[in-house]
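Quick look at final_24.txt (compact mmCIF, N, CA and C atoms):
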# COMPACT_ATOMS: atom_id res chain seq x y z
N MET A 1495 -21.83 -1.14 9.00
CA MET A 1495 -21.58 -0.82 7.61
C MET A 1495 -20.73 0.44 7.52
N ALA A 1496 -19.85 0.47 6.56
CA ALA A 1496 -18.93 1.59 6.40
C ALA A 1496 -19.65 2.81 5.86
N LYS A 1497 -19.21 3.96 6.31
CA LYS A 1497 -19.74 5.23 5.83
C LYS A 1497 -19.28 5.47 4.39
N ASP A 1498 -20.11 6.10 3.59
CA ASP A 1498 -19.76 6.40 2.20
C ASP A 1498 -18.88 7.65 2.17
N HIS A 1499 -17.67 7.50 1.67
CA HIS A 1499 -16.72 8.61 1.61
C HIS A 1499 -16.67 9.25 0.23
N GLY A 1500 -17.64 8.96 -0.60
CA GLY A 1500 -17.73 9.56 -1.92
C GLY A 1500 -16.99 8.76 -2.97
N PRO A 1501 -17.06 9.22 -4.21
CA PRO A 1501 -16.47 8.46 -5.32
C PRO A 1501 -14.95 8.41 -5.30
N GLN A 1502 -14.30 9.29 -4.55
CA GLN A 1502 -12.84 9.29 -4.53
C GLN A 1502 -12.28 8.13 -3.71
N VAL A 1503 -13.09 7.50 -2.84
CA VAL A 1503 -12.66 6.35 -2.05
C VAL A 1503 -13.42 5.14 -2.54
N LYS A 1504 -12.68 4.16 -3.04
CA LYS A 1504 -13.30 2.99 -3.67
C LYS A 1504 -13.65 1.89 -2.68
N ASP A 1505 -13.00 1.84 -1.52
CA ASP A 1505 -13.28 0.81 -0.51
C ASP A 1505 -13.42 1.51 0.84
N ASP A 1506 -14.66 1.89 1.15
CA ASP A 1506 -14.92 2.68 2.36
C ASP A 1506 -14.54 1.93 3.64
N GLU A 1507 -14.80 0.63 3.68
CA GLU A 1507 -14.49 -0.15 4.87
C GLU A 1507 -12.98 -0.18 5.14
N MET A 1508 -12.20 -0.41 4.10
CA MET A 1508 -10.74 -0.41 4.23
C MET A 1508 -10.25 0.98 4.64
N TYR A 1509 -10.83 2.01 4.04
CA TYR A 1509 -10.46 3.39 4.36
C TYR A 1509 -10.67 3.65 5.86
N GLU A 1510 -11.83 3.28 6.38
CA GLU A 1510 -12.12 3.52 7.79
C GLU A 1510 -11.18 2.73 8.69
N MET A 1511 -10.87 1.50 8.32
CA MET A 1511 -9.96 0.68 9.11
C MET A 1511 -8.58 1.35 9.17
N LEU A 1512 -8.10 1.84 8.04
CA LEU A 1512 -6.79 2.50 7.98
C LEU A 1512 -6.80 3.80 8.77
N ARG A 1513 -7.87 4.56 8.67
CA ARG A 1513 -7.97 5.82 9.43
C ARG A 1513 -7.98 5.53 10.93
N ASP A 1514 -8.73 4.48 11.33
CA ASP A 1514 -8.77 4.10 12.75
C ASP A 1514 -7.39 3.67 13.25
N ALA A 1515 -6.58 3.12 12.34
CA ALA A 1515 -5.23 2.68 12.70
C ALA A 1515 -4.24 3.83 12.69
N GLY A 1516 -4.69 5.03 12.30
CA GLY A 1516 -3.83 6.20 12.37
C GLY A 1516 -3.29 6.70 11.04
N ALA A 1517 -3.71 6.10 9.93
CA ALA A 1517 -3.23 6.55 8.61
C ALA A 1517 -3.85 7.90 8.28
N SER A 1518 -3.11 8.72 7.55
CA SER A 1518 -3.66 10.00 7.09
C SER A 1518 -4.78 9.74 6.10
N LYS A 1519 -5.59 10.76 5.86
CA LYS A 1519 -6.68 10.61 4.90
C LYS A 1519 -6.15 10.23 3.52
N GLU A 1520 -5.06 10.88 3.11
CA GLU A 1520 -4.48 10.61 1.79
C GLU A 1520 -3.95 9.19 1.70
N LYS A 1521 -3.21 8.76 2.70
CA LYS A 1521 -2.65 7.41 2.69
C LYS A 1521 -3.76 6.36 2.74
N ALA A 1522 -4.76 6.58 3.58
CA ALA A 1522 -5.87 5.63 3.69
C ALA A 1522 -6.61 5.52 2.36
N ALA A 1523 -6.85 6.65 1.71
CA ALA A 1523 -7.55 6.62 0.42
C ALA A 1523 -6.71 5.91 -0.64
N ARG A 1524 -5.41 6.18 -0.67
CA ARG A 1524 -4.53 5.57 -1.66
C ARG A 1524 -4.50 4.04 -1.50
N ILE A 1525 -4.37 3.57 -0.26
CA ILE A 1525 -4.30 2.13 -0.01
C ILE A 1525 -5.66 1.49 -0.27
N ALA A 1526 -6.73 2.12 0.20
CA ALA A 1526 -8.08 1.57 -0.01
C ALA A 1526 -8.39 1.46 -1.50
N ASN A 1527 -8.00 2.46 -2.27
CA ASN A 1527 -8.26 2.42 -3.70
C ASN A 1527 -7.41 1.37 -4.40
N ALA A 1528 -6.17 1.22 -3.98
CA ALA A 1528 -5.31 0.19 -4.57
C ALA A 1528 -5.86 -1.19 -4.26
N GLN A 1529 -6.34 -1.37 -3.04
CA GLN A 1529 -6.94 -2.65 -2.66
C GLN A 1529 -8.19 -2.92 -3.50
N ALA A 1530 -9.02 -1.91 -3.68
CA ALA A 1530 -10.25 -2.08 -4.46
C ALA A 1530 -9.95 -2.39 -5.93
N ASN A 1531 -8.86 -1.84 -6.44
CA ASN A 1531 -8.48 -2.07 -7.84
C ASN A 1531 -7.65 -3.33 -8.01
N HIS A 1532 -7.43 -4.06 -6.93
CA HIS A 1532 -6.63 -5.29 -6.93
C HIS A 1532 -5.20 -5.04 -7.37
N SER A 1533 -4.70 -3.83 -7.13
CA SER A 1533 -3.31 -3.53 -7.46
C SER A 1533 -2.42 -3.55 -6.22
N LEU A 1534 -2.99 -3.95 -5.10
CA LEU A 1534 -2.24 -4.03 -3.85
C LEU A 1534 -2.25 -5.47 -3.39
N ASP A 1535 -1.59 -6.31 -4.13
CA ASP A 1535 -1.56 -7.74 -3.83
C ASP A 1535 -0.18 -8.10 -3.31
N ARG A 1536 0.00 -7.97 -2.01
CA ARG A 1536 1.33 -8.13 -1.42
C ARG A 1536 1.78 -9.57 -1.31
N ASN A 1537 0.87 -10.53 -1.48
CA ASN A 1537 1.25 -11.92 -1.32
C ASN A 1537 1.56 -12.63 -2.63
N SER A 1538 1.41 -11.95 -3.74
CA SER A 1538 1.68 -12.61 -5.02
C SER A 1538 3.17 -12.51 -5.35
N THR A 1539 3.59 -13.35 -6.26
CA THR A 1539 5.01 -13.37 -6.62
C THR A 1539 5.38 -12.26 -7.59
N HIS A 1540 4.40 -11.48 -8.04
CA HIS A 1540 4.74 -10.43 -9.00
C HIS A 1540 5.68 -9.38 -8.41
N LEU A 1541 5.81 -9.30 -7.10
CA LEU A 1541 6.75 -8.35 -6.51
C LEU A 1541 8.18 -8.67 -6.95
N GLU A 1542 8.49 -9.94 -7.06
CA GLU A 1542 9.83 -10.33 -7.50
C GLU A 1542 10.12 -9.90 -8.93
N ASN A 1543 9.09 -9.67 -9.71
CA ASN A 1543 9.28 -9.26 -11.10
C ASN A 1543 9.43 -7.75 -11.25
N ARG A 1544 9.27 -7.01 -10.18
CA ARG A 1544 9.40 -5.56 -10.24
C ARG A 1544 10.85 -5.14 -10.04
N THR A 1545 11.17 -3.96 -10.51
CA THR A 1545 12.51 -3.41 -10.28
C THR A 1545 12.61 -2.90 -8.85
N LYS A 1546 13.83 -2.71 -8.40
CA LYS A 1546 14.03 -2.16 -7.05
C LYS A 1546 13.40 -0.78 -6.95
N ASP A 1547 13.52 0.02 -8.00
CA ASP A 1547 12.93 1.37 -8.00
C ASP A 1547 11.41 1.30 -7.86
N GLU A 1548 10.77 0.35 -8.53
CA GLU A 1548 9.31 0.20 -8.42
C GLU A 1548 8.92 -0.21 -7.00
N LEU A 1549 9.70 -1.12 -6.43
CA LEU A 1549 9.44 -1.55 -5.06
C LEU A 1549 9.65 -0.40 -4.08
N TYR A 1550 10.68 0.38 -4.30
CA TYR A 1550 10.95 1.54 -3.45
C TYR A 1550 9.76 2.51 -3.49
N ASP A 1551 9.25 2.76 -4.70
CA ASP A 1551 8.12 3.67 -4.84
C ASP A 1551 6.89 3.16 -4.09
N GLU A 1552 6.63 1.87 -4.17
CA GLU A 1552 5.49 1.30 -3.44
C GLU A 1552 5.73 1.40 -1.94
N ALA A 1553 6.95 1.11 -1.50
CA ALA A 1553 7.28 1.21 -0.08
C ALA A 1553 7.08 2.65 0.41
N ARG A 1554 7.45 3.61 -0.41
CA ARG A 1554 7.25 5.01 -0.06
C ARG A 1554 5.76 5.32 0.04
N ASP A 1555 4.99 4.84 -0.93
CA ASP A 1555 3.55 5.10 -0.96
C ASP A 1555 2.82 4.55 0.27
N ILE A 1556 3.28 3.41 0.78
CA ILE A 1556 2.60 2.84 1.93
C ILE A 1556 3.29 3.19 3.25
N GLY A 1557 4.35 4.00 3.17
CA GLY A 1557 4.95 4.55 4.38
C GLY A 1557 5.94 3.67 5.12
N ILE A 1558 6.68 2.84 4.41
CA ILE A 1558 7.68 1.98 5.05
C ILE A 1558 8.93 2.80 5.33
N GLU A 1559 9.29 2.83 6.60
CA GLU A 1559 10.48 3.59 7.00
C GLU A 1559 11.74 2.77 6.77
N GLY A 1560 12.85 3.45 6.49
CA GLY A 1560 14.14 2.78 6.29
C GLY A 1560 14.30 2.18 4.90
N ARG A 1561 13.38 2.48 4.01
CA ARG A 1561 13.40 1.88 2.67
C ARG A 1561 14.63 2.26 1.85
N SER A 1562 15.21 3.40 2.12
CA SER A 1562 16.37 3.86 1.35
C SER A 1562 17.56 2.92 1.47
N ASN A 1563 17.67 2.25 2.61
CA ASN A 1563 18.81 1.38 2.85
C ASN A 1563 18.51 -0.09 2.58
N MET A 1564 17.31 -0.39 2.10
CA MET A 1564 16.90 -1.78 1.90
C MET A 1564 17.32 -2.33 0.55
N THR A 1565 17.62 -3.62 0.54
CA THR A 1565 17.86 -4.33 -0.72
C THR A 1565 16.51 -4.65 -1.36
N LYS A 1566 16.54 -5.15 -2.57
CA LYS A 1566 15.30 -5.54 -3.24
C LYS A 1566 14.55 -6.57 -2.42
N ASP A 1567 15.24 -7.59 -1.93
CA ASP A 1567 14.60 -8.63 -1.13
C ASP A 1567 14.01 -8.07 0.16
N GLU A 1568 14.71 -7.14 0.78
CA GLU A 1568 14.20 -6.52 2.01
C GLU A 1568 12.96 -5.68 1.73
N LEU A 1569 12.95 -4.99 0.58
CA LEU A 1569 11.76 -4.21 0.21
C LEU A 1569 10.56 -5.12 0.01
N ILE A 1570 10.77 -6.23 -0.67
CA ILE A 1570 9.69 -7.19 -0.90
C ILE A 1570 9.14 -7.68 0.43
N LYS A 1571 10.01 -8.07 1.34
CA LYS A 1571 9.59 -8.58 2.64
C LYS A 1571 8.83 -7.49 3.42
N ALA A 1572 9.32 -6.26 3.38
CA ALA A 1572 8.67 -5.17 4.10
C ALA A 1572 7.29 -4.87 3.52
N ILE A 1573 7.17 -4.88 2.20
CA ILE A 1573 5.88 -4.62 1.55
C ILE A 1573 4.89 -5.71 1.92
N ARG A 1574 5.32 -6.94 1.87
CA ARG A 1574 4.42 -8.07 2.18
C ARG A 1574 3.99 -8.07 3.65
N SER A 1575 4.84 -7.62 4.52
CA SER A 1575 4.49 -7.67 5.94
C SER A 1575 3.79 -6.40 6.42
N HIS A 1576 3.69 -5.40 5.57
CA HIS A 1576 3.06 -4.14 5.97
C HIS A 1576 1.57 -4.24 5.99
Will you turn the file into C-alpha cells for me?
Amino acid sequence: MAKDHGPQVKDDEMYEMLRDAGASKEKAARIANAQANHSLDRNSTHLENRTKDELYDEARDIGIEGRSNMTKDELIKAIRSH
C-alpha cells in the first residue's frame, strides 16, 4: 500500500511510482494530481482539440525535451507516449 503523502498529493501510489522512476517531488505531485483529477488523459482525442500553445505547456509540465521544435502533431504524439 502506498504511503500517505498528505492532502497535497491526490494519488499516493502514482506519486511513489513517479518518484521511484526518478521524477522530482514537484513533477511527481503534479502528474499524480492530474491523474487523480482525470485531467491527464493522454489517450483521448481531446488533445487534437487543443492549441499548439496548450500542448506545449503540457509537454513542458511533464518534462518532454525538444518540445520547442515540435509541430502540433509531434507534441500530441510525445504527450501520448510519455
Within 6.5 Å of file point (-8.3, 0.3, 3.3), counting all atoms listed in the file, expressed as a PyMOL selection string: chain A and resi 1505-1512+1522+1525-1527
Filtered DSSP result for chain A, state helix (DSSP H, G or I), as a ChimeraX atom specification: /A:1506-1514,1519-1530,1539-1543,1546-1555,1561-1563,1566-1575
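In this structure, atom N of A:Ile1556 sits 7.4 Å away from atom CA of A:Lys1521.
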Coordinates-based distance that separates atom C of A:His1540 from atom N of A:Thr1565 (Å, one decimal): 16.0 Å
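Atom pair atom C of A:Ile1558 / atom N of A:Lys1497 has a distance of 28.2 Å (rounded to one decimal).
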Cut-off 12 Å around (11.5, 2.9, 2.1) with only C-alpha atoms: residues as a ChimeraX atom specification: /A:1546-1566,1568-1573,1576
Which of A:Arg1524, A:Asp1567, A:Gln1502, A:Gln1529 sits closest to A:Asn1543 [using only C-alpha atoms]: A:Asp1567
Find the smallest box with edges along x, y and z containing every listed atom of stretch 1515-1525 of chain A, then add 4 Å on each side and report centre and edge lengths in Å to one decimal, as AutoDock Vina command-line options.
--center_x -5.1 --center_y 6.2 --center_z 5.5 --size_x 12.9 --size_y 17.4 --size_z 22.4
Among listed residues A:Arg1544, A:Arg1574, A:Lys1504, A:Arg1513, nearest A:Ala1528 (using all atoms listed in the file): A:Lys1504
